[in-house]
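See below for the structure under consideration.
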Amino acid sequence: MELTTILFYLFALVTLGSAAIMVFSKNIVHSAFALMFTLMGVAALYVLLYADFLAATQLLVYVGGILILILFGVMLTSQGYTLSFKTITVNLIPASLISVGIAALLIFAFLTTNWTISEVAERTDTVYDLGMLLMGDYILPFIAVGVLLLIAIIGAILMSTRLSADNEGAS
Amino acid sequence: MTEYASNIHPMAAILIHAAIPLTIILVYALVAIWGERKIAGFIQDRLGPMRVGGWHGWAQSIADLLKLIQKEDIIPTNASRFLFKFAPFMMFAASYAAFAVIPFSSAYIGSMINIGVFYLLAITSILTLSVIMAGWASNNKWSLLGGMRSAAQMVSYEVPTIATVLTVVLVAGSLNLMTVTEMQAGNDTLGFLPNWLIFQNPFLIVAFIIFFISILAESHRVPFDLPESESELVGGYQTEYSGMRWAMFMLAEYADMLLLSLLGATLFFGGWNSPFGDFMSGPVWGFFWFMLKGLLLVFVMMWIRWTLPRYRVDQLMHICWNILIPLSFINLVLTALWEVIF
């Protein structure tokens with residue numbers, strides 16, 4: 001077997017295994033750390049697809065940003081920081097119905113689509129092409145996303161300042 | 001060397017190629033830990049370690065390492081065992097992985113990927129997670145507080161670091177650190193100065209100052225060493241660690257210091273370029289200059305550590321969000337304007 005194939009199966013195993021641990025773990029912090037391995041496994045799969053910029057973005061945004069926020073949220077909102085907080089299983093039937101439905105849809109799409117595998121030459125300058133596309137053909141969506149994020153930031157700041165002003169008034 | 005190894009087996013070549021930064025880190029860590037104690041000694045008007053090995057106690061780090069190998073590996077009863085054992089290795093793996101894109105000389109770079117410095121910034125974000133992991137898994141209030149402080153600090157200071165790196169990328173026009181270094185060759189600035197980016201325009205000097213303050217915070221050095229401030233948190237996230245696991249944390253911290261210093265040397269001080277133009281240049285001299293520049297920055301970090309007191313948490317956040325982040329973004333815009341005009 002080629003090295004790339006071995007690495008693909010290795011990273012696929014890491015991704016799926018840690019995803020399973022994340023779903024089935026009873027401890028919410030263990031779930032969050034398992035999610036980290038899932039996200040890193042997906043990043044490694046991007047690298048195997050020559051999407052190096054996307055892989056680094058995945059690491060920077062999901063592992064370096066969102067996951068740390070999740071951990072912060074879990075640790076700050078739970079009562080105490082010890083191993084005591086547990087998760088319980090609720091809504092078993094609707095949840096399993098929806099999951100099975102989505103899984104069936106995805107497998108159906110996977111099986112019926114006509115996948116074409118093209119032998120591309122090794123791409124070396126992904127950043128240049130991405131930049132040209134973002135600043136050329138896709139400039140409008142790019143700026144729209146930027147404005148949306150700016151509005152979200154302003155909204156978050158407004159909400160948090162109002163909250164802290166209320167708290168200061170109360171105390 | 002690499003060609004010779006690839007005749008035996010392609011895997012051997014890959015392993016040797018990947019082990020070069022590891023060798024540099026390990027030798028550097030032994031020297032830097034001894035050096036830090038000596039510098040601390042001289043700054044505080046004492047001699048530092050003097051006994052082991054004869055000449056100025058040069059073998060002190062080796063003796064310490066041998067001692068740490070023999071220590072018992074203590075795991076607290078209520079700790080989360082897997083995460084507790086795993087965190088130090090993940091931390092070192094993250095900082096070692098980042099060395100892949102550092103051009104050590106004109107002849108050696110781990111990986112010539114095109115997104116170089118972006119990859120470096122992305123992979124070092126795993127460091128934050130491993131600190132939280134160690135802090136939480138220890139099941140100790142000091143560890144957890146240290147881990148949380150570290151996470152808040154590193155997430156905050158990542159913003160000015162990335163903004164200043166972006167300033168350099170804007171001027172250099174490439175994310176690949178090898179290309180960034182190559183374009184700083186020659187001695188033409190103002191007739192005699194090297195073509196290093198820090199001499200290219202005045203805003204890059206401001207960018208370097210912001211970058212240096214941010215890397216002090218990112219690598220947990222005084223005056224920003226709140227995650228392990230021993231007077232309030234015992235040892236921060238490493239309180240419960242002992243023996244070789246603790247040594248892994250120490251190694252990762254020193255590797256992180258070297259990594260960020262070498263990044264600063266590449267981005268602002270011409271990487272492996274000789275300061276005298278063609279004189280004393282070449283692959284081996286390039287390695288010498290590059291390490292010299294990096295180690296000078298490491299020395300400044302140590303000098304600051306034994307000179308300045310520590311900031312409070314609120315002061316730390318104030319410096320980052322109210323001063324460094326606005327300043328770095330204004331600096332980015334001004335650099336862009338400078339590039340358009342000149």
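In the structure tokens, chains take the letters A, B, ... in the order shown, each chain's residues start at 1, and ligands count up from 1 in the order shown.
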Chain A residues near chain B (9 Å cut-off, only C-alpha atoms) as number ranges by chain: A: 29-30, 33, 36, 52-53, 55-61, 63-65, 67-68, 71-72, 75, 81-83, 124-127
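Proximity to Thr15 of chain A at 8 Å, evaluated using only C-alpha atoms and with sequence-adjacent residues fewer than 4 positions away removed, yields Phe11, Ala19, Phe37, Thr38, Leu39, Met40, Gly41 and Val42 of chain A.
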May I have the residues from that selection written out with all heavy atoms, as an mmCIF file, in the first residue's frame?
```cif
data_model
loop_
_atom_site.group_PDB
_atom_site.id
_atom_site.type_symbol
_atom_site.label_atom_id
_atom_site.label_comp_id
_atom_site.auth_asym_id
_atom_site.auth_seq_id
_atom_site.Cartn_x
_atom_site.Cartn_y
_atom_site.Cartn_z
ATOM 1 N N PHE A 11 -5.905 8.553 9.383
ATOM 2 C CA PHE A 11 -6.590 9.775 9.791
ATOM 3 C C PHE A 11 -8.105 9.592 9.803
ATOM 4 O O PHE A 11 -8.801 10.183 10.631
ATOM 5 C CB PHE A 11 -6.193 10.935 8.884
ATOM 6 C CG PHE A 11 -4.787 11.396 9.110
ATOM 7 C CD1 PHE A 11 -3.902 11.520 8.070
ATOM 8 C CD2 PHE A 11 -4.350 11.691 10.386
ATOM 9 C CE1 PHE A 11 -2.601 11.930 8.284
ATOM 10 C CE2 PHE A 11 -3.053 12.102 10.613
ATOM 11 C CZ PHE A 11 -2.175 12.214 9.559
ATOM 12 N N ALA A 19 -14.789 10.904 16.970
ATOM 13 C CA ALA A 19 -16.177 11.367 16.869
ATOM 14 C C ALA A 19 -17.093 10.462 17.676
ATOM 15 O O ALA A 19 -18.002 10.937 18.378
ATOM 16 C CB ALA A 19 -16.607 11.406 15.405
ATOM 17 N N PHE A 37 -9.713 16.008 18.449
ATOM 18 C CA PHE A 37 -9.072 15.028 17.572
ATOM 19 C C PHE A 37 -9.851 14.877 16.272
ATOM 20 O O PHE A 37 -9.272 14.678 15.211
ATOM 21 C CB PHE A 37 -8.945 13.682 18.288
ATOM 22 C CG PHE A 37 -7.934 13.714 19.384
ATOM 23 C CD1 PHE A 37 -8.321 13.834 20.703
ATOM 24 C CD2 PHE A 37 -6.583 13.673 19.085
ATOM 25 C CE1 PHE A 37 -7.376 13.881 21.707
ATOM 26 C CE2 PHE A 37 -5.651 13.720 20.086
ATOM 27 C CZ PHE A 37 -6.045 13.836 21.399
ATOM 28 N N THR A 38 -11.206 14.957 16.353
ATOM 29 C CA THR A 38 -12.001 14.883 15.132
ATOM 30 C C THR A 38 -11.629 16.017 14.185
ATOM 31 O O THR A 38 -11.385 15.806 12.998
ATOM 32 C CB THR A 38 -13.497 14.987 15.482
ATOM 33 O OG1 THR A 38 -13.748 14.170 16.609
ATOM 34 C CG2 THR A 38 -14.358 14.561 14.333
ATOM 35 N N LEU A 39 -11.566 17.241 14.738
ATOM 36 C CA LEU A 39 -11.279 18.399 13.892
ATOM 37 C C LEU A 39 -9.871 18.306 13.308
ATOM 38 O O LEU A 39 -9.646 18.643 12.146
ATOM 39 C CB LEU A 39 -11.431 19.682 14.706
ATOM 40 C CG LEU A 39 -12.857 19.973 15.183
ATOM 41 C CD1 LEU A 39 -12.859 21.129 16.148
ATOM 42 C CD2 LEU A 39 -13.750 20.274 14.006
ATOM 43 N N MET A 40 -8.907 17.805 14.110
ATOM 44 C CA MET A 40 -7.543 17.689 13.594
ATOM 45 C C MET A 40 -7.464 16.603 12.527
ATOM 46 O O MET A 40 -6.737 16.752 11.543
ATOM 47 C CB MET A 40 -6.564 17.398 14.729
ATOM 48 C CG MET A 40 -6.337 18.606 15.607
ATOM 49 S SD MET A 40 -4.790 18.564 16.481
ATOM 50 C CE MET A 40 -5.144 17.512 17.815
ATOM 51 N N GLY A 41 -8.239 15.515 12.716
ATOM 52 C CA GLY A 41 -8.268 14.463 11.697
ATOM 53 C C GLY A 41 -8.811 14.977 10.384
ATOM 54 O O GLY A 41 -8.283 14.683 9.306
ATOM 55 N N VAL A 42 -9.874 15.826 10.460
ATOM 56 C CA VAL A 42 -10.435 16.404 9.237
ATOM 57 C C VAL A 42 -9.400 17.311 8.566
ATOM 58 O O VAL A 42 -9.232 17.283 7.335
ATOM 59 C CB VAL A 42 -11.733 17.174 9.568
ATOM 60 C CG1 VAL A 42 -12.221 17.931 8.363
ATOM 61 C CG2 VAL A 42 -12.798 16.211 10.033
#
```
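With only C-alpha atoms as the atoms that count, the minimum distance from Ala134 of chain B to the choices B:Glu240, B:Glu72, B:Asp314, B:Asp256 is reached by B:Glu240.
For the choices B:Ala97, B:Ala19, B:Met291, B:Ala29, the atom-to-atom distance to Ala255 of chain B is smallest for B:Ala29 when using only C-alpha atoms.
Here atom CA of Val90 of chain A stands at a distance of 23.8 Å from atom CA of Leu105 of chain A.
One distance worth recording is that between atom CA of Met178 of chain B and atom CA of Asp129 of chain A, which is 19.8 Å.
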